[in-house]
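This is coords_38.cif (mmCIF, C-alpha atoms).
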data_run
loop_
_atom_site.label_atom_id
_atom_site.label_comp_id
_atom_site.auth_asym_id
_atom_site.auth_seq_id
_atom_site.Cartn_x
_atom_site.Cartn_y
_atom_site.Cartn_z
CA MET I 29 -23.47 -20.00 27.38
CA GLY I 30 -23.85 -16.29 28.06
CA THR I 31 -25.32 -13.81 25.64
CA VAL I 32 -23.60 -10.89 23.99
CA GLU I 33 -25.40 -7.68 23.06
CA PHE I 34 -24.29 -5.27 20.36
CA SER I 35 -25.65 -1.77 19.83
CA CYS I 36 -25.27 0.66 16.95
CA ASP I 37 -25.92 4.39 17.05
CA LEU I 38 -27.20 5.14 13.56
CA SER I 39 -27.27 8.87 14.25
CA GLN I 40 -23.48 9.04 14.16
CA GLN I 41 -21.57 9.72 10.97
CA GLY I 42 -20.13 6.55 9.48
CA THR I 43 -16.65 5.83 8.17
CA GLU I 44 -16.03 4.27 4.79
CA LEU I 45 -14.77 0.69 4.95
CA VAL I 46 -12.02 0.52 2.35
CA HIS I 47 -11.96 -2.90 0.72
CA CYS I 48 -8.18 -3.11 0.60
CA TRP I 49 -8.31 -6.87 0.03
CA GLU I 50 -9.84 -6.31 -3.39
CA HIS I 51 -6.59 -4.89 -4.76
CA THR I 52 -4.52 -8.08 -4.90
CA VAL I 53 -5.11 -11.74 -4.20
CA GLY I 54 -2.45 -14.45 -4.07
CA SER I 55 -2.70 -17.76 -5.90
CA CYS I 56 -0.20 -20.60 -5.52
CA HIS I 57 2.34 -20.79 -8.36
CA ALA I 58 2.20 -19.62 -11.94
CA PRO I 59 1.39 -22.82 -13.93
CA ILE I 60 -1.84 -23.25 -11.94
CA ALA I 61 -3.10 -20.18 -13.78
CA LEU I 62 -3.11 -22.23 -16.99
CA ARG I 63 -5.74 -24.65 -15.62
CA ALA I 64 -9.34 -24.32 -16.74
CA ASP I 65 -10.77 -24.88 -13.23
CA TRP I 66 -8.51 -22.15 -11.76
CA GLN I 67 -9.55 -19.75 -14.50
CA GLN I 68 -13.22 -20.49 -13.89
CA GLN I 69 -12.83 -19.86 -10.16
CA LEU I 70 -10.85 -16.63 -10.62
CA ARG I 71 -13.41 -15.37 -13.13
CA ARG I 72 -16.09 -15.83 -10.48
CA CYS I 73 -13.95 -14.22 -7.77
CA GLN I 74 -13.35 -11.19 -9.95
CA ALA I 75 -17.03 -10.85 -10.79
CA GLU I 76 -18.32 -11.29 -7.23
CA LEU I 77 -15.47 -9.89 -5.10
CA GLY I 78 -13.88 -7.35 -7.41
CA PHE I 79 -10.27 -8.52 -7.26
CA ARG I 80 -8.07 -6.36 -9.50
CA TYR I 81 -4.63 -8.04 -9.43
CA VAL I 82 -3.34 -11.55 -8.80
CA ARG I 83 0.12 -12.55 -7.62
CA PHE I 84 1.75 -15.97 -7.75
CA HIS I 85 5.15 -17.58 -7.22
CA GLY I 86 7.46 -19.06 -9.78
CA LEU I 87 6.78 -17.16 -12.99
CA LEU I 88 10.46 -17.59 -13.86
CA SER I 89 10.75 -21.18 -12.63
CA ASP I 90 11.55 -24.02 -15.01
CA ASP I 91 8.00 -25.38 -15.17
CA VAL I 92 6.89 -22.18 -16.91
CA GLY I 93 9.73 -22.52 -19.40
CA THR I 94 10.62 -18.82 -19.51
CA VAL I 95 14.32 -19.45 -20.08
CA ILE I 96 16.41 -22.58 -20.57
CA LYS I 97 20.01 -23.25 -21.50
CA HIS I 98 20.95 -25.17 -24.65
CA ASN I 99 24.62 -25.62 -25.51
CA ASP I 100 25.44 -22.73 -23.16
CA GLU I 101 23.01 -20.48 -25.04
CA LEU I 102 19.96 -19.04 -23.29
CA LEU I 103 16.68 -19.67 -25.06
CA TYR I 104 13.61 -17.62 -24.10
CA SER I 105 9.99 -18.67 -24.40
CA PHE I 106 7.24 -16.41 -23.08
CA PHE I 107 4.35 -18.48 -24.41
CA ASN I 108 3.09 -19.76 -21.03
CA ALA I 109 3.59 -16.41 -19.30
CA ASP I 110 1.66 -14.72 -22.10
CA GLN I 111 -1.18 -17.22 -21.85
CA ILE I 112 -1.55 -16.36 -18.16
CA VAL I 113 -1.55 -12.62 -18.78
CA ASP I 114 -3.92 -12.94 -21.73
CA PHE I 115 -6.47 -14.64 -19.49
CA LEU I 116 -6.14 -12.10 -16.68
CA LEU I 117 -6.67 -9.20 -19.03
CA SER I 118 -9.65 -10.93 -20.60
CA ILE I 119 -11.52 -10.92 -17.26
CA GLY I 120 -10.54 -7.40 -16.26
CA MET I 121 -7.62 -8.31 -13.98
CA ARG I 122 -3.90 -7.65 -14.14
CA PRO I 123 -0.76 -9.40 -12.84
CA PHE I 124 1.07 -8.27 -9.74
CA VAL I 125 4.30 -9.71 -11.12
CA GLU I 126 6.48 -11.46 -8.58
CA LEU I 127 9.83 -11.94 -10.30
CA SER I 128 10.86 -15.35 -9.02
CA PHE I 129 12.20 -17.99 -8.72
CA MET I 130 15.65 -18.42 -10.25
CA PRO I 131 15.70 -20.36 -13.55
CA THR I 132 18.08 -23.32 -13.31
CA ALA I 133 19.95 -21.93 -16.31
CA LEU I 134 20.90 -18.85 -14.29
CA ALA I 135 21.13 -20.28 -10.76
CA SER I 136 24.25 -20.26 -8.61
CA GLY I 137 23.12 -23.25 -6.54
CA SER I 138 20.64 -26.09 -6.34
CA LYS I 139 18.54 -25.35 -3.24
CA THR I 140 14.82 -25.34 -3.98
CA VAL I 141 11.49 -24.78 -2.23
CA PHE I 142 8.03 -26.31 -2.62
CA HIS I 143 7.01 -29.39 -4.56
CA TYR I 144 7.70 -27.72 -7.90
CA ARG I 145 11.31 -27.08 -6.85
CA GLY I 146 11.55 -23.33 -7.21
CA ASN I 147 15.25 -22.41 -7.09
CA VAL I 148 15.99 -19.92 -4.30
CA THR I 149 19.66 -19.13 -4.98
CA PRO I 150 21.07 -15.85 -6.35
CA PRO I 151 21.94 -15.65 -10.04
CA ARG I 152 25.32 -16.97 -11.06
CA ASP I 153 25.65 -14.10 -13.51
CA TYR I 154 23.77 -10.88 -12.73
CA LYS I 155 24.17 -9.65 -16.30
CA ARG I 156 22.28 -12.66 -17.60
CA TRP I 157 19.58 -12.10 -14.99
CA SER I 158 19.32 -8.47 -16.09
CA THR I 159 19.01 -9.54 -19.72
CA LEU I 160 16.21 -11.98 -18.83
CA ILE I 161 14.22 -9.30 -16.97
CA GLN I 162 14.71 -6.66 -19.64
CA THR I 163 13.84 -9.08 -22.44
CA LEU I 164 10.67 -10.31 -20.70
CA VAL I 165 9.42 -6.84 -19.77
CA ALA I 166 10.20 -5.41 -23.21
CA HIS I 167 8.30 -8.32 -24.76
CA TRP I 168 5.25 -7.53 -22.63
CA VAL I 169 5.40 -3.85 -23.52
CA GLU I 170 5.51 -4.78 -27.20
CA ARG I 171 2.65 -7.28 -26.82
CA TYR I 172 0.31 -5.31 -24.55
CA GLY I 173 1.45 -1.71 -24.93
CA ILE I 174 3.13 0.61 -22.44
CA GLN I 175 -0.21 2.11 -21.35
CA GLU I 176 -1.32 -1.33 -20.12
CA VAL I 177 1.96 -2.59 -18.64
CA SER I 178 2.52 0.67 -16.77
CA GLU I 179 -0.54 -0.32 -14.69
CA TRP I 180 1.21 -3.50 -13.52
CA PHE I 181 3.45 -3.94 -10.48
CA PHE I 182 6.86 -5.62 -10.73
CA GLU I 183 7.90 -7.04 -7.36
CA VAL I 184 11.42 -8.37 -6.92
CA TRP I 185 11.50 -11.88 -5.42
CA ASN I 186 9.58 -13.38 -2.49
CA GLU I 187 10.49 -13.24 1.21
CA PRO I 188 14.27 -12.89 0.83
CA ASN I 189 14.59 -12.47 4.60
CA LEU I 190 13.72 -16.16 5.04
CA LYS I 191 16.40 -18.75 4.26
CA ALA I 192 13.74 -21.01 2.79
CA PHE I 193 13.27 -18.50 -0.03
CA TRP I 194 16.69 -16.88 -0.48
CA THR I 195 20.07 -18.43 0.21
CA GLY I 196 21.89 -15.14 -0.26
CA THR I 197 22.42 -12.34 2.23
CA GLN I 198 20.52 -9.08 2.59
CA LYS I 199 23.31 -7.43 0.60
CA ASP I 200 22.84 -10.02 -2.15
CA TYR I 201 19.13 -9.24 -2.29
CA PHE I 202 19.78 -5.52 -2.51
CA ARG I 203 22.07 -6.20 -5.46
CA LEU I 204 19.38 -8.35 -7.10
CA TYR I 205 16.86 -5.58 -6.57
CA ARG I 206 19.13 -2.88 -8.01
CA VAL I 207 19.92 -4.93 -11.12
CA THR I 208 16.27 -5.83 -11.62
CA ALA I 209 14.96 -2.31 -11.11
CA ASP I 210 17.52 -0.90 -13.53
CA ALA I 211 16.58 -3.50 -16.16
CA ILE I 212 12.88 -2.66 -15.86
CA LYS I 213 13.43 1.09 -16.00
CA LYS I 214 15.58 0.69 -19.11
CA VAL I 215 12.49 -0.62 -20.88
CA ASP I 216 10.42 2.38 -19.79
CA PRO I 217 10.76 4.72 -16.78
CA SER I 218 6.99 4.66 -16.21
CA LEU I 219 7.02 0.99 -15.22
CA LYS I 220 6.51 0.38 -11.49
CA VAL I 221 9.04 -1.69 -9.52
CA GLY I 222 9.21 -2.36 -5.79
CA GLY I 223 10.06 -4.67 -2.91
CA PRO I 224 11.43 -6.08 -0.70
CA ALA I 225 8.52 -8.58 -0.56
CA THR I 226 9.67 -9.69 2.88
CA ALA I 227 7.98 -11.84 5.48
CA ARG I 228 6.82 -10.29 8.77
CA ASP I 229 7.37 -6.65 7.75
CA GLY I 230 11.12 -7.24 7.60
CA TRP I 231 13.94 -5.15 6.10
CA ILE I 232 11.72 -2.20 5.15
CA GLU I 233 13.82 0.51 6.75
CA GLU I 234 17.13 -0.99 5.57
CA PHE I 235 15.77 -1.55 2.07
CA LEU I 236 14.62 2.04 1.64
CA GLU I 237 17.84 3.40 3.09
CA PHE I 238 19.76 1.33 0.55
CA CYS I 239 17.59 2.53 -2.36
CA GLU I 240 17.86 6.16 -1.36
CA GLY I 241 21.58 5.97 -0.69
CA ALA I 242 22.36 4.17 -3.95
CA ASP I 243 19.81 6.14 -6.02
CA VAL I 244 17.89 2.96 -6.88
CA PRO I 245 14.27 3.40 -8.03
CA VAL I 246 11.51 2.09 -5.77
CA ASP I 247 7.94 3.00 -6.69
CA PHE I 248 6.15 1.01 -4.01
CA VAL I 249 6.87 -1.08 -0.92
CA THR I 250 5.70 -4.65 -0.37
CA THR I 251 5.82 -7.02 2.56
CA HIS I 252 3.77 -9.79 4.20
CA HIS I 253 2.33 -10.62 7.54
CA TYR I 254 -0.14 -13.13 8.88
CA PRO I 255 -2.11 -13.06 12.15
CA THR I 256 0.05 -15.93 13.41
CA ASP I 257 3.47 -14.44 12.56
CA ALA I 258 4.22 -13.05 16.01
CA LEU I 259 2.66 -15.82 18.00
CA GLY I 260 4.01 -19.04 19.47
CA HIS I 261 5.59 -21.74 17.34
CA GLU I 262 5.10 -22.42 13.65
CA ASP I 263 3.90 -25.96 14.38
CA ASP I 264 1.06 -24.73 16.61
CA ASP I 265 -2.39 -24.60 15.07
CA THR I 266 -3.96 -21.22 14.41
CA GLU I 267 -6.35 -21.38 17.38
CA THR I 268 -3.46 -22.02 19.78
CA GLN I 269 -1.40 -19.20 18.30
CA LEU I 270 -4.24 -16.70 18.42
CA ALA I 271 -5.11 -17.71 21.99
CA ASN I 272 -1.55 -16.80 23.01
CA SER I 273 -1.50 -13.55 21.06
CA GLN I 274 -0.67 -10.10 22.36
CA ARG I 275 -3.30 -7.60 21.28
CA GLY I 276 -2.08 -4.96 18.90
CA VAL I 277 1.18 -6.63 17.81
CA LEU I 278 0.33 -6.78 14.13
CA ARG I 279 -1.19 -3.32 14.22
CA LYS I 280 2.05 -1.90 15.58
CA TRP I 281 4.08 -3.73 12.93
CA ALA I 282 1.82 -2.35 10.20
CA GLN I 283 1.98 1.18 11.62
CA ASP I 284 5.79 1.04 11.76
CA THR I 285 5.91 -0.27 8.19
CA ARG I 286 3.57 2.47 7.00
CA ARG I 287 5.79 5.09 8.65
CA HIS I 288 8.96 3.68 7.08
CA ALA I 289 7.32 3.56 3.63
CA GLY I 290 6.67 7.28 3.80
CA LYS I 291 4.71 8.58 0.83
CA ARG I 292 5.25 5.45 -1.25
CA PRO I 293 2.31 3.07 -1.75
CA LEU I 294 2.48 0.07 0.62
CA TYR I 295 1.08 -3.31 -0.38
CA TYR I 296 0.73 -6.46 1.70
CA THR I 297 1.06 -8.99 -1.10
CA GLU I 298 0.43 -12.06 1.05
CA TRP I 299 -2.39 -12.30 3.56
CA ASN I 300 -4.52 -15.05 5.03
CA SER I 301 -5.62 -16.42 8.40
CA SER I 302 -2.35 -18.39 8.54
CA SER I 303 0.75 -18.93 6.45
CA ASN I 304 0.62 -22.66 7.16
CA PRO I 305 -0.86 -24.47 4.12
CA ARG I 306 -1.65 -27.49 6.32
CA ASP I 307 -3.83 -25.45 8.70
CA PRO I 308 -7.52 -26.17 7.96
CA LEU I 309 -8.51 -22.65 9.06
CA ARG I 310 -6.54 -21.26 6.12
CA TYR I 311 -9.29 -22.39 3.77
CA PHE I 312 -12.33 -20.99 5.55
#

Before we go any further, please render this structure as structure tokens.
Amino acid sequence: MGTVEFSCDLSQQGTELVHCWEHTVGSCHAPIALRADWQQQLRRCQAELGFRYVRFHGLLSDDVGTVIKHNDELLYSFFNADQIVDFLLSIGMRPFVELSFMPTALASGSKTVFHYRGNVTPPRDYKRWSTLIQTLVAHWVERYGIQEVSEWFFEVWNEPNLKAFWTGTQKDYFRLYRVTADAIKKVDPSLKVGGPATARDGWIEEFLEFCEGADVPVDFVTTHHYPTDALGHEDDDTETQLANSQRGVLRKWAQDTRRHAGKRPLYYTEWNSSSNPRDPLRYF
């Protein structure tokens, strides 16, 4: 094999390397955060890597028990959600709250995703969805104080531009976002809400045009992309996809997204070597 030589001119002025990955890390789905081994590992990650926020799927799913229906009456229980937040705050971290998936008690359909069967259908009744969001957020403000909760991020849904995660249309998502944002701001205008939490930098321009045209609050923009998003077929392994890559594709996507976001903060709330959980390179 040939050799490769690197040189570094130490007389030149350096540029700060911003550790953007320290802001938010993703972690499976919400009930995992109740496990002792997960908590031990996150405590170490925070101490050694400086992670500040953690995001996970399914905080509103049935296995967390946030809301259930009994005799056509909605019953709320925030015990498990509170236990998760209590732990995060105890180690100097905060939640990047992904508001998903749809509780069965509110769902318009039965389609689910993942082994824990997160419901990905729009709400059957948007008023009941609004009440859930407002009740949960108001509870957190009462429990932790507005000064604390105003440091959190409330992100509406996960990857609604993929049918696997949202059976509704783009218009349906925009309605969900508007109702959710309004419910959060009713609790306190200082609370931060954003989206569209899309895959592959999707819908950013349309989302912001909708929010501006309908006077809907949006404090930050979120989306996702992975190095393999623009490359080959989903079933290919990461090495094959990267070998067939076009240089600069993801950079251009990110630059376009940054331009569309304007002055609003932009967060990539999912990132990894691959989005494929069966790819061994995802874990190295």

Discussion item. Could you check the closest approach to Glu240 of chain I for each of I:Lys220, I:Arg206, I:Lys213, I:Leu70 and tell me which residue wins, using all atoms listed in the file?
Written reply: I:Arg206

Worksheet item: Which is closer to Ile212 of chain I than all the others in I:Ser178, I:Thr197, I:Asn108, I:Ser128, using all atoms listed in the file?
Response: I:Ser178

Fill in: Å distance separating atom CA of Trp180 of chain I from atom CA of Ala133 of chain I, one decimal place
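Calculated distance between atom CA of Trp180 of chain I and atom CA of Ala133 of chain I is 26.4 Å.
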
For the file shown, what are the residues hit by the PyMOL selection byres ((chain I and resi 247) around 12), laid out as an mmCIF file with C-alpha atoms, in the coordinates of the input?
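To be explicit, this is the file written out as part_9.cif:
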data_model
loop_
_atom_site.group_PDB
_atom_site.id
_atom_site.type_symbol
_atom_site.label_atom_id
_atom_site.label_comp_id
_atom_site.auth_asym_id
_atom_site.auth_seq_id
_atom_site.Cartn_x
_atom_site.Cartn_y
_atom_site.Cartn_z
ATOM 1 C CA SER I 178 2.520 0.670 -16.770
ATOM 2 C CA TRP I 180 1.210 -3.500 -13.520
ATOM 3 C CA PHE I 181 3.450 -3.940 -10.480
ATOM 4 C CA PHE I 182 6.860 -5.620 -10.730
ATOM 5 C CA GLU I 183 7.900 -7.040 -7.360
ATOM 6 C CA VAL I 184 11.420 -8.370 -6.920
ATOM 7 C CA ALA I 209 14.960 -2.310 -11.110
ATOM 8 C CA ILE I 212 12.880 -2.660 -15.860
ATOM 9 C CA LYS I 213 13.430 1.090 -16.000
ATOM 10 C CA PRO I 217 10.760 4.720 -16.780
ATOM 11 C CA SER I 218 6.990 4.660 -16.210
ATOM 12 C CA LEU I 219 7.020 0.990 -15.220
ATOM 13 C CA LYS I 220 6.510 0.380 -11.490
ATOM 14 C CA VAL I 221 9.040 -1.690 -9.520
ATOM 15 C CA GLY I 222 9.210 -2.360 -5.790
ATOM 16 C CA GLY I 223 10.060 -4.670 -2.910
ATOM 17 C CA PRO I 224 11.430 -6.080 -0.700
ATOM 18 C CA LEU I 236 14.620 2.040 1.640
ATOM 19 C CA CYS I 239 17.590 2.530 -2.360
ATOM 20 C CA GLU I 240 17.860 6.160 -1.360
ATOM 21 C CA VAL I 244 17.890 2.960 -6.880
ATOM 22 C CA PRO I 245 14.270 3.400 -8.030
ATOM 23 C CA VAL I 246 11.510 2.090 -5.770
ATOM 24 C CA PHE I 248 6.150 1.010 -4.010
ATOM 25 C CA VAL I 249 6.870 -1.080 -0.920
ATOM 26 C CA THR I 250 5.700 -4.650 -0.370
ATOM 27 C CA ALA I 289 7.320 3.560 3.630
ATOM 28 C CA GLY I 290 6.670 7.280 3.800
ATOM 29 C CA LYS I 291 4.710 8.580 0.830
ATOM 30 C CA ARG I 292 5.250 5.450 -1.250
ATOM 31 C CA PRO I 293 2.310 3.070 -1.750
ATOM 32 C CA LEU I 294 2.480 0.070 0.620
ATOM 33 C CA TYR I 295 1.080 -3.310 -0.380
#

Discussion item. Please compute the atom CA of Ala166 of chain I-atom CA of Thr208 of chain I distance, one decimal, in Å.
Written reply: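 Separating atom CA of Ala166 of chain I from atom CA of Thr208 of chain I is a distance of 13.1 Å.
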
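Residue nearest Glu126 of chain I within the list I:Val277, I:Val32, I:Val165, I:Leu87: I:Leu87 [criterion: smallest interatomic distance, only C-alpha atoms].
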